[in-house]
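**Student:** final-v7.pdb is reproduced below (PDB, C-alpha atoms and all ligand atoms).
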```pdb
ATOM      1  CA  MET A 108       0.000   0.000   0.000
ATOM      2  CA  THR A 109       1.315   3.449  -0.863
ATOM      3  CA  ARG A 110       1.583   5.906   2.030
ATOM      4  CA  ILE A 111       0.982   9.588   1.220
ATOM      5  CA  ILE A 112       2.761  11.826   3.729
ATOM      6  CA  GLY A 113       2.503  15.617   3.615
ATOM      7  CA  ILE A 114       5.406  17.573   5.101
ATOM      8  CA  VAL A 115       3.808  20.806   6.279
ATOM      9  CA  SER A 116       4.360  23.929   8.375
ATOM     10  CA  GLY A 117       2.464  27.064   9.249
ATOM     11  CA  LYS A 118       5.557  29.206   8.935
ATOM     12  CA  GLY A 119       7.737  29.452   5.858
ATOM     13  CA  GLY A 120      11.444  28.666   5.757
ATOM     14  CA  VAL A 121      11.444  26.249   8.700
ATOM     15  CA  GLY A 122      12.905  23.296   6.760
ATOM     16  CA  LYS A 123      10.128  21.394   4.927
ATOM     17  CA  THR A 124      12.068  20.995   1.684
ATOM     18  CA  THR A 125      15.180  20.023   3.645
ATOM     19  CA  VAL A 126      13.187  17.320   5.448
ATOM     20  CA  VAL A 127      11.497  16.013   2.280
ATOM     21  CA  THR A 128      14.743  15.681   0.313
ATOM     22  CA  ASN A 129      16.852  14.167   3.091
ATOM     23  CA  LEU A 130      14.147  11.877   4.454
ATOM     24  CA  GLY A 131      13.402  10.788   0.879
ATOM     25  CA  VAL A 132      17.030   9.852   0.197
ATOM     26  CA  GLU A 133      17.338   8.002   3.526
ATOM     27  CA  LEU A 134      14.174   5.995   2.881
ATOM     28  CA  VAL A 135      15.509   4.935  -0.530
ATOM     29  CA  THR A 136      19.143   4.280   0.335
ATOM     30  CA  LYS A 137      18.955   2.972   3.923
ATOM     31  CA  PHE A 138      15.442   1.502   4.145
ATOM     32  CA  LYS A 139      15.159   0.253   0.531
ATOM     33  CA  LYS A 140      11.822   1.924  -0.093
ATOM     34  CA  ASP A 141      10.534   3.113  -3.444
ATOM     35  CA  VAL A 142       9.813   6.808  -2.830
ATOM     36  CA  VAL A 143       8.587   9.722  -4.897
ATOM     37  CA  ILE A 144       8.785  13.295  -3.625
ATOM     38  CA  ILE A 145       6.469  15.919  -5.118
ATOM     39  CA  ASP A 146       7.001  19.679  -5.096
ATOM     40  CA  CYS A 147       3.598  21.029  -4.043
ATOM     41  CA  ASN A 148       5.049  24.493  -3.427
ATOM     42  CA  ILE A 149       4.000  25.776  -6.831
ATOM     43  CA  THR A 150       4.534  29.510  -6.368
ATOM     44  CA  THR A 151       7.947  29.310  -4.671
ATOM     45  CA  SER A 152       9.268  25.908  -5.720
ATOM     46  CA  HIS A 153      12.749  24.776  -4.639
ATOM     47  CA  LEU A 154      12.701  20.987  -4.606
ATOM     48  CA  SER A 155      14.429  20.277  -7.929
ATOM     49  CA  MET A 156      17.024  22.984  -7.245
ATOM     50  CA  VAL A 157      17.862  21.511  -3.825
ATOM     51  CA  MET A 158      18.301  18.081  -5.475
ATOM     52  CA  GLY A 159      20.641  19.596  -8.088
ATOM     53  CA  MET A 160      18.122  18.810 -10.865
ATOM     54  CA  HIS A 161      17.499  22.170 -12.517
ATOM     55  CA  PHE A 162      15.012  23.061 -15.206
ATOM     56  CA  LEU A 163      13.456  19.677 -15.825
ATOM     57  CA  PRO A 164      11.249  19.989 -18.920
ATOM     58  CA  ILE A 165       8.042  18.321 -17.630
ATOM     59  CA  THR A 166       6.707  19.564 -14.298
ATOM     60  CA  LEU A 167       3.765  19.215 -11.911
ATOM     61  CA  ASN A 168       2.453  22.490 -13.345
ATOM     62  CA  GLN A 169       1.665  20.799 -16.661
ATOM     63  CA  VAL A 170       0.093  17.846 -14.801
ATOM     64  CA  LEU A 171      -2.167  20.190 -12.784
ATOM     65  CA  ARG A 172      -3.226  21.970 -15.970
ATOM     66  CA  GLY A 173      -4.497  18.592 -17.095
ATOM     67  CA  ASN A 174      -2.109  18.445 -20.049
ATOM     68  CA  ILE A 175       0.184  15.568 -19.085
ATOM     69  CA  PRO A 176      -0.064  12.276 -17.108
ATOM     70  CA  ILE A 177       1.764  12.463 -13.769
ATOM     71  CA  GLU A 178       3.955   9.466 -14.680
ATOM     72  CA  ASN A 179       5.598  11.594 -17.407
ATOM     73  CA  ALA A 180       6.770  14.140 -14.796
ATOM     74  CA  VAL A 181       8.749  11.603 -12.718
ATOM     75  CA  TYR A 182      12.554  11.918 -12.763
ATOM     76  CA  THR A 183      15.024   9.694 -10.908
ATOM     77  CA  HIS A 184      17.846  11.210  -8.850
ATOM     78  CA  GLN A 185      21.223   9.425  -8.769
ATOM     79  CA  THR A 186      20.324   8.041  -5.308
ATOM     80  CA  GLY A 187      17.244   6.313  -6.751
ATOM     81  CA  LEU A 188      14.814   8.803  -5.192
ATOM     82  CA  LYS A 189      12.058   9.780  -7.629
ATOM     83  CA  ILE A 190      11.094  13.442  -7.923
ATOM     84  CA  ILE A 191       8.180  15.284  -9.472
ATOM     85  CA  PRO A 192       9.336  18.907  -9.766
ATOM     86  CA  ALA A 193       7.306  22.084  -9.943
ATOM     87  CA  SER A 194       8.322  24.652 -12.525
ATOM     88  CA  LEU A 195      10.895  27.216 -11.403
ATOM     89  CA  ALA A 196       9.447  29.804 -13.825
ATOM     90  CA  VAL A 197       6.951  32.340 -12.388
ATOM     91  CA  LYS A 198       4.925  32.437 -15.627
ATOM     92  CA  ASP A 199       4.061  28.722 -15.206
ATOM     93  CA  VAL A 200       1.905  29.431 -12.123
ATOM     94  CA  GLU A 201      -0.982  30.544 -14.390
ATOM     95  CA  GLY A 202      -3.869  28.124 -14.984
ATOM     96  CA  ILE A 203      -3.011  25.663 -12.213
ATOM     97  CA  GLU A 204      -5.949  23.601 -10.922
ATOM     98  CA  ALA A 205      -5.113  22.529  -7.340
ATOM     99  CA  SER A 206      -7.924  19.965  -7.239
ATOM    100  CA  GLU A 207      -6.149  18.044 -10.033
ATOM    101  CA  LEU A 208      -3.413  16.934  -7.608
ATOM    102  CA  LYS A 209      -5.629  14.405  -5.826
ATOM    103  CA  LYS A 210      -6.655  12.841  -9.147
ATOM    104  CA  ALA A 211      -3.071  12.808 -10.417
ATOM    105  CA  VAL A 212      -1.612  11.237  -7.249
ATOM    106  CA  LYS A 213      -4.138   8.368  -7.525
ATOM    107  CA  HIS A 214      -2.196   7.200 -10.603
ATOM    108  CA  LEU A 215       0.871   6.598  -8.408
ATOM    109  CA  LEU A 216      -0.934   4.472  -5.817
ATOM    110  CA  GLY A 217       0.392   0.917  -5.726
ATOM    111  CA  LYS A 218       3.429   1.908  -7.825
ATOM    112  CA  VAL A 219       5.666   3.235  -5.005
ATOM    113  CA  ASP A 220       5.927   2.625  -1.245
ATOM    114  CA  LEU A 221       5.781   6.255  -0.145
ATOM    115  CA  ILE A 222       4.814   9.611  -1.615
ATOM    116  CA  LEU A 223       6.235  12.638   0.246
ATOM    117  CA  LEU A 224       4.560  15.970  -0.513
ATOM    118  CA  ASP A 225       6.644  19.130  -0.021
ATOM    119  CA  SER A 226       4.016  21.689   0.991
ATOM    120  CA  ALA A 227       3.844  25.413   0.431
ATOM    121  CA  PRO A 228       4.022  27.315   3.742
ATOM    122  CA  CYS A 229       1.159  29.020   5.581
ATOM    123  CA  LEU A 230      -2.499  28.137   5.562
ATOM    124  CA  GLY A 231      -3.571  29.345   2.129
ATOM    125  CA  ARG A 232      -5.040  27.491  -0.849
ATOM    126  CA  GLU A 233      -1.711  26.111  -1.980
ATOM    127  CA  ALA A 234      -0.862  24.604   1.411
ATOM    128  CA  LYS A 235      -4.391  23.237   1.704
ATOM    129  CA  MET A 236      -3.781  21.256  -1.500
ATOM    130  CA  THR A 237      -1.177  19.180   0.396
ATOM    131  CA  LEU A 238      -3.399  18.792   3.469
ATOM    132  CA  ASP A 239      -6.239  17.506   1.248
ATOM    133  CA  VAL A 240      -4.151  14.952  -0.649
ATOM    134  CA  SER A 241      -2.117  13.595   2.303
ATOM    135  CA  GLU A 242      -3.240  10.659   4.406
ATOM    136  CA  GLU A 243      -0.548  11.323   7.032
ATOM    137  CA  LEU A 244       1.065  14.589   8.131
ATOM    138  CA  LEU A 245       4.533  15.424   9.388
ATOM    139  CA  PHE A 246       4.881  18.907  10.853
ATOM    140  CA  VAL A 247       8.134  20.881  10.728
ATOM    141  CA  THR A 248       8.844  23.627  13.236
ATOM    142  CA  THR A 249      11.661  25.606  14.765
ATOM    143  CA  PRO A 250      11.880  25.819  18.581
ATOM    144  CA  TYR A 251      10.233  29.255  18.731
ATOM    145  CA  VAL A 252       6.735  30.312  19.788
ATOM    146  CA  PRO A 253       5.456  31.726  16.431
ATOM    147  CA  SER A 254       6.506  28.601  14.541
ATOM    148  CA  VAL A 255       4.969  26.274  17.146
ATOM    149  CA  MET A 256       1.767  28.376  17.212
ATOM    150  CA  ASP A 257       1.453  28.051  13.450
ATOM    151  CA  THR A 258       2.050  24.293  13.737
ATOM    152  CA  ILE A 259      -0.942  24.097  16.081
ATOM    153  CA  ARG A 260      -3.032  26.175  13.635
ATOM    154  CA  THR A 261      -2.044  23.923  10.736
ATOM    155  CA  LYS A 262      -2.852  20.815  12.781
ATOM    156  CA  GLU A 263      -6.327  22.232  13.482
ATOM    157  CA  MET A 264      -6.945  22.440   9.728
ATOM    158  CA  VAL A 265      -6.252  18.725   9.239
ATOM    159  CA  GLU A 266      -9.287  16.439   9.012
ATOM    160  CA  PRO A 267      -9.606  14.290  12.165
ATOM    161  CA  SER A 268      -9.434  11.060  10.123
ATOM    162  CA  LYS A 269      -5.861  11.822   9.001
ATOM    163  CA  THR A 270      -2.822  10.585  10.938
ATOM    164  CA  LYS A 271      -0.689  13.238  12.575
ATOM    165  CA  LEU A 272       2.662  11.477  12.751
ATOM    166  CA  GLY A 273       4.444  14.119  14.815
ATOM    167  CA  THR A 274       6.826  17.022  14.602
ATOM    168  CA  VAL A 275      10.313  17.474  13.234
ATOM    169  CA  LEU A 276      12.071  20.052  15.355
ATOM    170  CA  ASN A 277      14.562  21.871  13.134
ATOM    171  CA  MET A 278      17.352  24.441  13.522
ATOM    172  CA  ILE A 279      17.944  23.716  17.210
ATOM    173  CA  GLU A 280      20.796  25.746  18.673
ATOM    174  CA  ASN A 281      20.313  24.679  22.298
ATOM    175  CA  MET A 282      19.902  28.261  23.458
ATOM    176  CA  ARG A 283      18.122  29.016  26.705
ATOM    177  CA  HIS A 284      15.493  31.084  24.927
ATOM    178  CA  GLU A 285      14.370  28.140  22.761
ATOM    179  CA  LEU A 286      11.298  26.097  23.663
ATOM    180  CA  THR A 287      12.229  22.644  24.956
ATOM    181  CA  VAL A 288      11.178  19.366  23.341
ATOM    182  CA  LYS A 289       8.850  18.680  26.254
ATOM    183  CA  GLU A 290       7.196  22.098  25.921
ATOM    184  CA  ILE A 291       6.727  21.598  22.176
ATOM    185  CA  GLU A 292       5.270  18.125  22.697
ATOM    186  CA  ASN A 293       2.859  19.475  25.301
ATOM    187  CA  LEU A 294       1.803  22.423  23.148
ATOM    188  CA  THR A 295       1.339  20.476  19.901
ATOM    189  CA  GLU A 296       0.086  17.270  21.570
ATOM    190  CA  MET A 297       2.322  15.340  19.177
ATOM    191  CA  PRO A 298       5.681  13.579  19.628
ATOM    192  CA  VAL A 299       8.884  15.197  18.393
ATOM    193  CA  LEU A 300      10.228  12.523  16.006
ATOM    194  CA  ALA A 301      13.587  14.121  15.197
ATOM    195  CA  GLN A 302      15.682  16.939  16.630
ATOM    196  CA  ILE A 303      17.737  18.475  13.858
ATOM    197  CA  PRO A 304      20.395  20.946  14.984
ATOM    198  CA  TYR A 305      21.192  24.157  13.154
ATOM    199  CA  ASP A 306      23.961  22.647  11.028
ATOM    200  CA  ARG A 307      26.079  24.560   8.487
ATOM    201  CA  ASN A 308      26.538  21.290   6.592
ATOM    202  CA  ILE A 309      22.951  21.757   5.378
ATOM    203  CA  LEU A 310      23.831  25.123   3.848
ATOM    204  CA  LYS A 311      27.053  23.709   2.387
ATOM    205  CA  SER A 312      25.130  20.788   0.891
ATOM    206  CA  LEU A 313      22.740  23.284  -0.693
ATOM    207  CA  ALA A 314      25.696  24.959  -2.408
ATOM    208  CA  ALA A 315      26.965  21.510  -3.441
ATOM    209  CA  LYS A 316      23.500  20.797  -4.945
ATOM    210  CA  GLN A 317      22.929  17.635  -2.942
ATOM    211  CA  PRO A 318      21.081  16.574   0.217
ATOM    212  CA  VAL A 319      23.132  16.720   3.423
ATOM    213  CA  VAL A 320      22.734  12.950   3.967
ATOM    214  CA  THR A 321      24.879  12.311   0.880
ATOM    215  CA  TYR A 322      27.096  15.403   1.300
ATOM    216  CA  ASN A 323      28.050  14.439   4.862
ATOM    217  CA  PRO A 324      26.316  11.281   6.097
ATOM    218  CA  TYR A 325      28.086  11.537   9.467
ATOM    219  CA  CYS A 326      27.120  15.044  10.585
ATOM    220  CA  LYS A 327      24.602  15.534  13.397
ATOM    221  CA  ALA A 328      21.801  16.602  11.049
ATOM    222  CA  SER A 329      22.246  13.493   8.861
ATOM    223  CA  LYS A 330      22.036  11.221  11.902
ATOM    224  CA  GLN A 331      18.674  12.777  12.752
ATOM    225  CA  PHE A 332      17.367  12.147   9.220
ATOM    226  CA  LEU A 333      18.289   8.478   9.662
ATOM    227  CA  LYS A 334      16.399   8.478  12.969
ATOM    228  CA  LEU A 335      13.437  10.067  11.219
ATOM    229  CA  GLY A 336      13.526   7.254   8.642
ATOM    230  CA  ARG A 337      13.316   4.753  11.515
ATOM    231  CA  GLU A 338      10.374   6.638  13.028
ATOM    232  CA  ILE A 339       8.479   6.813   9.755
ATOM    233  CA  THR A 340       9.004   3.186   8.715
ATOM    234  CA  GLY A 341       9.136   1.579  12.163
ATOM    235  CA  GLU A 342      12.070  -0.401  10.701
ATOM    236  CA  ASP A 343      15.828  -0.536  11.130
ATOM    237  CA  PRO A 344      18.065   0.467   8.235
ATOM    238  CA  ILE A 345      19.175  -2.452   6.043
ATOM    239  CA  ASN A 346      22.855  -3.521   6.052
ATOM    240  CA  LEU A 347      23.862  -0.065   7.166
ATOM    241  CA  GLU A 348      27.474  -0.776   8.118
ATOM    242  CA  LYS A 349      28.293  -2.784   5.002
ATOM    243  CA  GLU A 350      26.575  -0.274   2.742
ATOM    244  CA  ASP A 351      28.285   2.630   4.479
ATOM    245  CA  VAL A 352      31.722   1.280   3.558
ATOM    246  CA  ILE A 353      30.637   0.705  -0.033
ATOM    247  CA  GLY A 354      29.016   4.140  -0.084
ATOM    248  CA  LYS A 355      32.181   5.808   1.195
ATOM    249  CA  LEU A 356      34.332   4.075  -1.431
ATOM    250  CA  THR A 357      31.872   4.857  -4.212
ATOM    251  CA  GLY A 358      31.775   8.457  -3.023
ATOM    252  CA  LEU A 359      35.544   8.695  -3.100
ATOM    253  CA  ILE A 360      35.682   7.324  -6.635
ATOM    254  CA  LYS A 361      32.886   9.536  -7.931
ATOM    255  CA  GLY A 362      33.913  12.567  -5.887
ATOM    256  CA  VAL A 363      30.423  12.842  -4.449
ATOM    257  CA  GLY A 364      29.176  11.996  -1.018
ATOM    258  CA  VAL A 365      32.676  12.321   0.411
ATOM    259  CA  PRO A 366      32.408  13.048   4.105
ATOM    260  CA  ARG A 367      33.705  16.522   4.932
ATOM    261  CA  PHE A 368      34.596  17.204   8.537
TER     262      PHE A 368
HETATM  263  N1  LIG B 401      18.945  22.488  10.350
HETATM  264  C1  LIG B 401      19.334  23.457   9.529
HETATM  265  N2  LIG B 401      20.523  24.082   9.723
HETATM  266  C2  LIG B 401      20.931  25.071   8.892
HETATM  267  N3  LIG B 401      20.228  25.498   7.826
HETATM  268  C3  LIG B 401      19.039  24.901   7.572
HETATM  269  C4  LIG B 401      18.537  23.857   8.400
HETATM  270  N4  LIG B 401      17.340  23.461   7.892
HETATM  271  C5  LIG B 401      17.121  24.198   6.801
HETATM  272  N5  LIG B 401      18.128  25.073   6.601
HETATM  273  C6  LIG B 401      18.236  26.086   5.541
HETATM  274  O1  LIG B 401      17.175  27.008   5.766
HETATM  275  C7  LIG B 401      16.594  27.444   4.527
HETATM  276  C8  LIG B 401      15.105  27.123   4.537
HETATM  277  O2  LIG B 401      14.954  25.705   4.542
HETATM  278  P1  LIG B 401      13.871  25.007   3.598
HETATM  279  O3  LIG B 401      13.935  25.543   2.221
HETATM  280  O4  LIG B 401      14.012  23.545   3.769
HETATM  281  O5  LIG B 401      12.546  25.519   4.327
HETATM  282  P2  LIG B 401      11.045  25.422   3.806
HETATM  283  O6  LIG B 401      10.196  25.244   5.013
HETATM  284  O7  LIG B 401      10.929  24.390   2.759
HETATM  285  O8  LIG B 401      10.844  26.857   3.168
HETATM  286  P3  LIG B 401       9.544  27.364   2.301
HETATM  287  O9  LIG B 401       8.462  27.564   3.318
HETATM  288  O10 LIG B 401      10.014  28.629   1.675
HETATM  289  O11 LIG B 401       9.219  26.283   1.333
HETATM  290  C9  LIG B 401      17.378  26.725   3.428
HETATM  291  O12 LIG B 401      18.402  27.576   2.974
HETATM  292  C10 LIG B 401      17.976  25.517   4.129
HETATM  293  O13 LIG B 401      19.181  25.087   3.533
HETATM  294 MG    MG B 402      10.191  24.566   0.789
END
```
So, in terms of structure tokens, how does the structure I just supplied come out?
Ligand SMILES: Nc1ncnc2c1ncn2[C@@H]1O[C@H](COP(=O)(O)OP(=O)(O)OP(=O)(O)O)[C@@H](O)[C@H]1O
Ligand SMILES: [Mg+2]
**Tutor:**
Amino acid sequence: MTRIIGIVSGKGGVGKTTVVTNLGVELVTKFKKDVVIIDCNITTSHLSMVMGMHFLPITLNQVLRGNIPIENAVYTHQTGLKIIPASLAVKDVEGIEASELKKAVKHLLGKVDLILLDSAPCLGREAKMTLDVSEELLFVTTPYVPSVMDTIRTKEMVEPSKTKLGTVLNMIENMRHELTVKEIENLTEMPVLAQIPYDRNILKSLAAKQPVVTYNPYCKASKQFLKLGREITGEDPINLEKEDVIGKLTGLIKGVGVPRF
């Protein structure tokens, strides 16, 4: 059965795209799942850029206009993660029919294990498109009051029948003025599934056009994405140690995925 998980937040810029890309790669490479990630942030799309896959010719925009079957907009990243990009061009926002997403996603059911939807921020029509299509929701927040408040607002917009998996707490700097995990769990009434530190490796990986889990699999942020994979699947990673050695060697040969300390 295909799981449809929306990665959402009330506030913008808290790390949704970072979570979708890195969780997606971990689920494919460490948990051997067949995963497709979809850029549902039509107006300010970043997903393909973050994956280093720029200007792909067929995008979700054409699918939502009803012109093209969704299968034609699927591209495969070198890690094996499948991606459906949104157009990076502003002019392509015209004529989009948000209700088409639900119909389009139905064509992927049974063909992959997981579909991860990278939501637009806030509570507008575009973000609602992800809430409508998702069966399960993963909320991303920073450890600050406005972000947590908007998480609670977003959660209130989710239909009761849908599963609220929990929260990913991102950009933690362990400062005294941050909300604690316990406070966030009490306020949101959801478990914190991963605690991702503010980690410059994420910004460096962005410049290197690859997810941090391949750029530096051993940094603190990457370890939390692996933990998140465990939480989402309820499984342990497969042959992690053996594969890590092979991965390191392959990375050295290719010049990608080389750990940088
Ligand atoms: N833990 C982190 N440490 C350092 N930088 C981070 C971290 N998480 C995300 N970032 C950076 O913060 C910026 C915003 O992250 P991201 O694009 O994932 O947020 P978003 O919620 O998808 O934003 P939007 O709402 O605009 O779609 C990016 O430049 C990203 O590289
Ligand atoms: Mg984003």
**Student:** Enclose the full set of atoms of ligand LIG 401 (chain B) listed in the file within a box whose edges lie along x, y and z, apply 4 Å of padding to each of the six sides, and report centre and edge lengths in Å to one decimal as JSON.
**Tutor:**
```
{"center_x": 14.7, "center_y": 25.6, "center_z": 5.8, "size_x": 20.5, "size_y": 14.1, "size_z": 17.0}
```
**Student:** Evaluate the PyMOL selection byres (((chain A and resi 260-270) around 12) and not hetatm) here and jot the selected residues down as JSON, numbers by chain.
**Tutor:** {"A": [110, 111, 112, 113, 114, 115, 116, 117, 118, 226, 227, 228, 229, 230, 231, 232, 234, 235, 236, 237, 238, 239, 240, 241, 242, 243, 244, 245, 246, 247, 248, 253, 254, 255, 256, 257, 258, 259, 271, 272, 273, 274, 294, 295, 296, 297, 339]}
**Student:** Collect all residues with atoms no farther than 6 Å from ligand LIG 401 (chain B), counting only C-alpha atoms and all ligand atoms, and output them as an MDAnalysis selection string.
**Tutor:** chainID A and resid 119:125 227:228 277:278 303:307 309:310 313
**Student:** I'd like to know which of A:Ile191, A:Ile291, A:Val320, A:Leu154 is closest to ligand MG 402 (chain B), using all atoms listed in the file.
**Tutor:**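 Counting all atoms listed in the file, the residue closest to ligand MG 402 (chain B) is A:Leu154.
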**Student:** So how far away is atom CA of A:Lys189 from atom CA of A:Ile222, in Å?
**Tutor:**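 For atom CA of A:Ile222 relative to atom CA of A:Lys189, the distance reads 9.4 Å.
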**Student:** Counting only C-alpha atoms, which residues have an atom no more than 10 Å from (12.2, 5.3, 12.3) in the file's coordinates? Please list them as JSON, numbers by chain.
**Tutor:** {"A": [134, 138, 300, 301, 331, 332, 333, 334, 335, 336, 337, 338, 339, 340, 341, 342, 343, 344]}
**Student:** Between A:Lys311, A:His153, A:His184, A:Lys218, single out the one closest to ligand MG 402 (chain B), counting all atoms listed in the file.
**Tutor:**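 Ranked by minimum distance to ligand MG 402 (chain B), first place goes to A:His153.
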**Student:** Just how far from atom CA of A:Glu201 is atom CA of A:Tyr182, in Å to one decimal?
**Tutor:** 23.1 Å
**Student:** Rounded to one decimal place, report the atom CA of A:Ile190-atom CA of A:Val142 distance in Å.
**Tutor:**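 Atom CA of A:Val142 lies 8.5 Å from atom CA of A:Ile190.
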**Student:** Return as a list in words the set of residues that the PyMOL selection byres (((chain A and resi 197) around 10) and not hetatm) yields on the displayed structure.
**Tutor:**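 In the shown coordinates, the PyMOL selection byres (((chain A and resi 197) around 10) and not hetatm) covers Ile149, Thr150, Thr151, Ser152, Ser194, Leu195, Ala196, Lys198, Asp199, Val200 and Glu201 of chain A.
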**Student:** With distances taken over only C-alpha atoms and all ligand atoms, which residue among A:Met108, A:Val135, A:Val157, A:Ile279 lies nearest ligand MG 402 (chain B)?
**Tutor:**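 Using only C-alpha atoms and all ligand atoms, ligand MG 402 (chain B) sits closest to A:Val157.
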**Student:** Given all atoms listed in the file as the basis, pick out the residue of A:Glu290, A:Glu280, A:Asp225, A:Glu285 nearest to ligand MG 402 (chain B).
**Tutor:**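 Counting all atoms listed in the file, the residue closest to ligand MG 402 (chain B) is A:Asp225.
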**Student:** Rank nothing, just name the residue among A:Ala328, A:Leu224, A:Ile175, A:Leu215 nearest to ligand MG 402 (chain B), using all atoms listed in the file.
**Tutor:**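 For ligand MG 402 (chain B), the nearest of the given residues is A:Leu224.
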**Student:** Just want the 9 Å neighbourhood of A:Thr136, counted on only C-alpha atoms, with same-chain residues fewer than 4 positions away dropped. Output as a list in words.
**Tutor:**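 Once the adjacent positions are removed, what remains is Gly131, Val132, Lys140, Thr186, Gly187, Leu188, Pro344 and Ile345 of chain A.
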**Student:** Ranking A:Ile145, A:Pro192, A:Glu207, A:Tyr325 by minimum distance to A:Asn174 and counting only C-alpha atoms, which one comes first?
**Tutor:**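 Among the listed residues, the smallest separation from A:Asn174 belongs to A:Glu207.
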**Student:** Find the residues with any atom within 10 Å of (7.9, 14.8, -13.3); use all atoms listed in the file and the coordinates as given in the file, and write the answer as a VMD selection string.
**Tutor:** chain A and resid 143 to 146 163 to 170 175 to 183 189 to 194
